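*Asks:* Have a look at this one.
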Amino acid sequence: MARLELDDVTKVYRESDGDSDAGVVAVDDVSVDIPDGDFLVLVGPSGCGKSTTLRMIAGLETVTDGEIRLGDRTINDVSVQERDIAMVFQSYALYPHKTVRENMSFGLEESTDRSDGEIVETVSEVATLMGIDDLLDRKPGELSGGQQQRVALGRAIVRDPDVFLMDEPLSNLDAKLRAEMRTELQHLQEQLGVTTVYVTHDQTEAMTMGDRIAVLDQGTLQQVGTPLECYHEPNNLFVAGFIGEPSMNFFDGRFEGDAIATDAFEYPLSADLDLPAETGLEDGSGLVFGIRPEDITLRGQATGERCFAAEVTVVEPMGNENIVHLRFDDADGGESFIATTEGIPRVSDDDRIGVEFPEEAIHLFDAETGAAVKNRRLSFTGAAEGTLP
Ligand code: ADP
């Protein structure tokens, strides 16, 4: 077990024509410190550099710049075999002609000096831990996807590595099994206490699994924090929009001193709102106004200074909550947005209602840089019940 540190790590894939200046910057100056035993989820959209980062940690890609440290040694130039890191892939990568037992013991036979007896014992212990002890004599082709994934995880665990690296390991499983395996993997990781880096493009997986999450976009680290920090206190527009489902609603606007003007509404700011002085906001500065769907209060009509008229376009009842699609009038920019409410739906398609955006819940972002200027107040507990009939 060990602490893993990435220090200004950069990866440039060079063009094959040998022009040393050209290339794709896949990972750009990423620094992150993963304490011993921590579970870090690396999340971001496809192409943001997640796999490249993981592959550099594993030693499958060279590091163009920066340093990767495991424990107290720099591992940039240490070979894959000597890194003491076990990787689990989306594709399972099991040997089809070997049994589960052989798949699990193969790596140990090749890379350690453990005796045959020790290997048999370790494989049997881990198989019991993973609930696959009755499958040891089967071949991968005789197993379900979930069972194959357990074998792939088991094979990583028997190696007793310093670090686990997991690249979208659950994405080939159906939704129900994926949810089960998420919880199981978390328990397992806690039990084993092995430092883990887990890559996913799925923000739900990131929110539910990680001690901390690192959000990447276009090779650049956007934020590292606990899932709730990233959710409630996003550093910027990208994190705000990426974390949370349905996503935060955004409206382009302008700062007007005591209000924010958007095409759809004029939002008054109270005098004690306390926008940080260092934001450098001037009258006319571009701002993006953000509000999460669950923070919008639906009212029978638009009354009050932070409540605006909107039309319900579609209501999706999910059972525990309703996803209410709304739209401002064309005259007010016609922008669409989403609110979520709990329980039995109390609005239906084509209703004209009021939507209140409580000031404690709003987020403001600099339109130019995307940086957060103001995040929701953490003590705010959510939208009020509303006054719908
Ligand atoms: P992710 O895992 O987040 O989907 P990747 O790390 O696979 O992203 O890719 C990051 C960027 O690097 C992408 O623009 C991708 O096209 C590019 N890339 C990945 N592998 C290579 C490679 N072997 N050669 C050139 N470019 C690559």
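So you can find residues: chains in the structure tokens are A, B, ... in the order shown, residues in each start at 1, and ligands are numbered from 1 in order.
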For Thr297 in chain A, please output as a list in words all residues within 10 Å (counting only C-alpha atoms; exclusion window: fewer than 3 positions along the same chain).

*Replies:*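 Near Thr297 in chain A, the qualifying residues are Pro293, Glu294, Cys307, Ala339, Thr340, Thr341, Gly354, Val355, Glu356, Phe357, Pro358, Gly382, Ala383, Ala384, Glu385, Gly386, Thr387 and Leu388 of chain A.
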
*Asks:* Enumerate the residues of range 129-362 of chain A with a DSSP assignment of strand (DSSP E or B), computed from the backbone, and present them as an MDAnalysis selection string.

*Replies:* chainID A and resid 163:167 195:200 212:217 220:225 236 249:255 259:262 266:268 286:291 297:299 307:317 321:327 336:342 352:356

*Asks:* Out of A:Met207, A:Ile119, A:Leu185, A:Val239, which residue has the shortest atom-to-atom distance to Leu221 in chain A when counting only C-alpha atoms?

*Replies:* A:Val239

*Asks:* Apply DSSP to the structure's backbone, then extract all residues of range 136-289 of chain A labelled alpha helix (DSSP H) and return them as a short mmCIF file (atom, residue, chain, number, x, y, z; two decimals) with C-alpha atoms, in the first residue's frame.

*Replies:*
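And here is the file that came out, part.cif:
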```
data_model
loop_
_atom_site.label_atom_id
_atom_site.label_comp_id
_atom_site.auth_asym_id
_atom_site.auth_seq_id
_atom_site.Cartn_x
_atom_site.Cartn_y
_atom_site.Cartn_z
CA GLY A 145 -20.51 -10.73 -17.52
CA GLY A 146 -20.80 -10.02 -13.81
CA GLN A 147 -18.95 -13.22 -12.92
CA GLN A 148 -16.21 -12.44 -15.43
CA GLN A 149 -15.79 -9.02 -13.88
CA ARG A 150 -15.45 -10.62 -10.44
CA VAL A 151 -12.72 -12.89 -11.79
CA ALA A 152 -10.92 -9.88 -13.30
CA LEU A 153 -11.11 -8.09 -9.94
CA GLY A 154 -10.07 -11.24 -8.10
CA ARG A 155 -7.06 -11.59 -10.35
CA ALA A 156 -6.02 -8.03 -9.43
CA ILE A 157 -6.59 -8.63 -5.71
CA VAL A 158 -4.48 -11.82 -5.47
CA ALA A 175 -27.67 -1.14 -14.94
CA LYS A 176 -28.85 -3.22 -11.97
CA LEU A 177 -25.70 -5.29 -11.72
CA ARG A 178 -23.60 -2.18 -12.17
CA ALA A 179 -25.30 -0.56 -9.17
CA GLU A 180 -24.73 -3.72 -7.08
CA MET A 181 -21.08 -3.99 -8.11
CA ARG A 182 -20.53 -0.30 -7.31
CA THR A 183 -21.43 -0.88 -3.68
CA GLU A 184 -19.54 -4.14 -3.55
CA LEU A 185 -16.40 -2.61 -4.99
CA GLN A 186 -16.52 0.22 -2.48
CA HIS A 187 -16.81 -2.24 0.43
CA LEU A 188 -14.03 -4.33 -0.99
CA GLN A 189 -11.75 -1.33 -1.41
CA GLU A 190 -12.41 -0.21 2.17
CA GLN A 191 -11.80 -3.72 3.45
CA LEU A 192 -8.53 -4.12 1.54
CA GLN A 203 -20.81 11.16 -13.05
CA THR A 204 -23.24 9.02 -11.03
CA GLU A 205 -20.52 6.43 -10.55
CA ALA A 206 -18.10 9.18 -9.53
CA MET A 207 -20.54 10.71 -7.07
CA THR A 208 -21.41 7.44 -5.38
CA MET A 209 -18.04 5.72 -5.26
CA PRO A 227 -18.28 14.43 -4.42
CA LEU A 228 -20.40 16.86 -2.39
CA GLU A 229 -17.82 19.65 -2.66
CA CYS A 230 -17.80 19.28 -6.44
CA TYR A 231 -21.59 19.21 -6.47
CA HIS A 232 -22.29 22.16 -4.19
CA LEU A 237 -19.01 26.13 -15.16
CA PHE A 238 -17.62 22.86 -16.47
CA VAL A 239 -17.76 21.07 -13.11
CA ALA A 240 -21.16 22.61 -12.33
CA GLY A 241 -22.59 21.30 -15.59
CA PHE A 242 -20.89 17.91 -15.53
#
```

*Asks:* Please report, as a Markdown table, each residue of chain A lying at most 10 Å from ligand 1, together with the nearest pair of atoms and the separation in Å rounded to one decimal; use only C-alpha atoms and all ligand atoms, and order rows by chain and ascending residue number.

*Replies:*
```
| residue | atom | partner | partner_atom_place_in_ligand_line | distance |
| --- | --- | --- | --- | --- |
| A:Lys11 | CA | ligand 1 | 12 (O) | 8.5 |
| A:Val12 | CA | ligand 1 | 26 (N) | 8.0 |
| A:Tyr13 | CA | ligand 1 | 25 (C) | 4.9 |
| A:Arg14 | CA | ligand 1 | 25 (C) | 7.1 |
| A:Glu15 | CA | ligand 1 | 25 (C) | 7.5 |
| A:Ser16 | CA | ligand 1 | 24 (N) | 9.0 |
| A:Gly23 | CA | ligand 1 | 25 (C) | 7.7 |
| A:Val24 | CA | ligand 1 | 26 (N) | 5.8 |
| A:Val25 | CA | ligand 1 | 12 (O) | 6.7 |
| A:Ala26 | CA | ligand 1 | 12 (O) | 4.0 |
| A:Val27 | CA | ligand 1 | 10 (C) | 7.0 |
| A:Leu42 | CA | ligand 1 | 3 (O) | 9.0 |
| A:Val43 | CA | ligand 1 | 3 (O) | 7.9 |
| A:Gly44 | CA | ligand 1 | 3 (O) | 6.3 |
| A:Pro45 | CA | ligand 1 | 3 (O) | 6.1 |
| A:Ser46 | CA | ligand 1 | 4 (O) | 3.7 |
| A:Gly47 | CA | ligand 1 | 8 (O) | 3.4 |
| A:Cys48 | CA | ligand 1 | 3 (O) | 3.9 |
| A:Gly49 | CA | ligand 1 | 6 (O) | 3.3 |
| A:Lys50 | CA | ligand 1 | 3 (O) | 3.8 |
| A:Ser51 | CA | ligand 1 | 2 (O) | 3.6 |
| A:Thr52 | CA | ligand 1 | 6 (O) | 3.7 |
| A:Thr53 | CA | ligand 1 | 6 (O) | 6.4 |
| A:Leu54 | CA | ligand 1 | 6 (O) | 8.1 |
| A:Arg55 | CA | ligand 1 | 6 (O) | 8.3 |
| A:Met56 | CA | ligand 1 | 6 (O) | 9.8 |
| A:Glu61 | CA | ligand 1 | 23 (N) | 8.8 |
| A:Asp167 | CA | ligand 1 | 2 (O) | 8.3 |
| A:Glu168 | CA | ligand 1 | 2 (O) | 9.2 |
| A:Val199 | CA | ligand 1 | 2 (O) | 7.8 |
| A:Thr200 | CA | ligand 1 | 3 (O) | 8.2 |
| A:His201 | CA | ligand 1 | 3 (O) | 7.4 |
| A:Leu216 | CA | ligand 1 | 3 (O) | 7.9 |
| A:Asp217 | CA | ligand 1 | 3 (O) | 8.2 |
| A:Gln218 | CA | ligand 1 | 10 (C) | 7.5 |
| A:Gly219 | CA | ligand 1 | 10 (C) | 6.8 |
```

*Asks:* What gap, in Å, lies between CA of His363 in chain A and CA of Ser336 in chain A?

*Replies:*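 CA of Ser336 in chain A lies 17.7 Å from CA of His363 in chain A.
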
*Asks:* Have a look at A:Met130, A:Ala261, A:Val9, A:Val347 and name the one nearest to Asn76 in chain A; count only C-alpha atoms.

*Replies:*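 Going through A:Met130, A:Ala261, A:Val9, A:Val347 one by one, the smallest distance to Asn76 in chain A is for A:Val9.
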
*Asks:* Using only C-alpha atoms, can you tell me which of A:Gly141, A:Gly131, A:Lys374, A:Ile260 comes closest to Glu233 in chain A?

*Replies:* A:Lys374

*Asks:* Residues near Glu321 in chain A, anyone? I mean within 9 Å using only C-alpha atoms, not counting same-chain ones fewer than 4 positions away, as a PyMOL selection string.

*Replies:* chain A and resi 316-317+340-345

*Asks:* Could you check the closest approach to Leu136 in chain A for each of A:Asn172, A:Thr99, A:Asp162, A:Val194 and tell me which residue wins, using only C-alpha atoms?

*Replies:*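 So, comparing all the options, the nearest one is A:Thr99.
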
*Asks:* So, counting only C-alpha atoms, which residue among A:Asp29, A:His325, A:Leu364, A:His97 is closest to Glu67 in chain A?

*Replies:*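 Among A:Asp29, A:His325, A:Leu364, A:His97, it is A:Asp29 that comes nearest to Glu67 in chain A.
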
*Asks:* Separation of CA of Ile362 in chain A and CA of Val32 in chain A, in Å?

*Replies:*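 Going from CA of Ile362 in chain A over to CA of Val32 in chain A, I get 29.2 Å.
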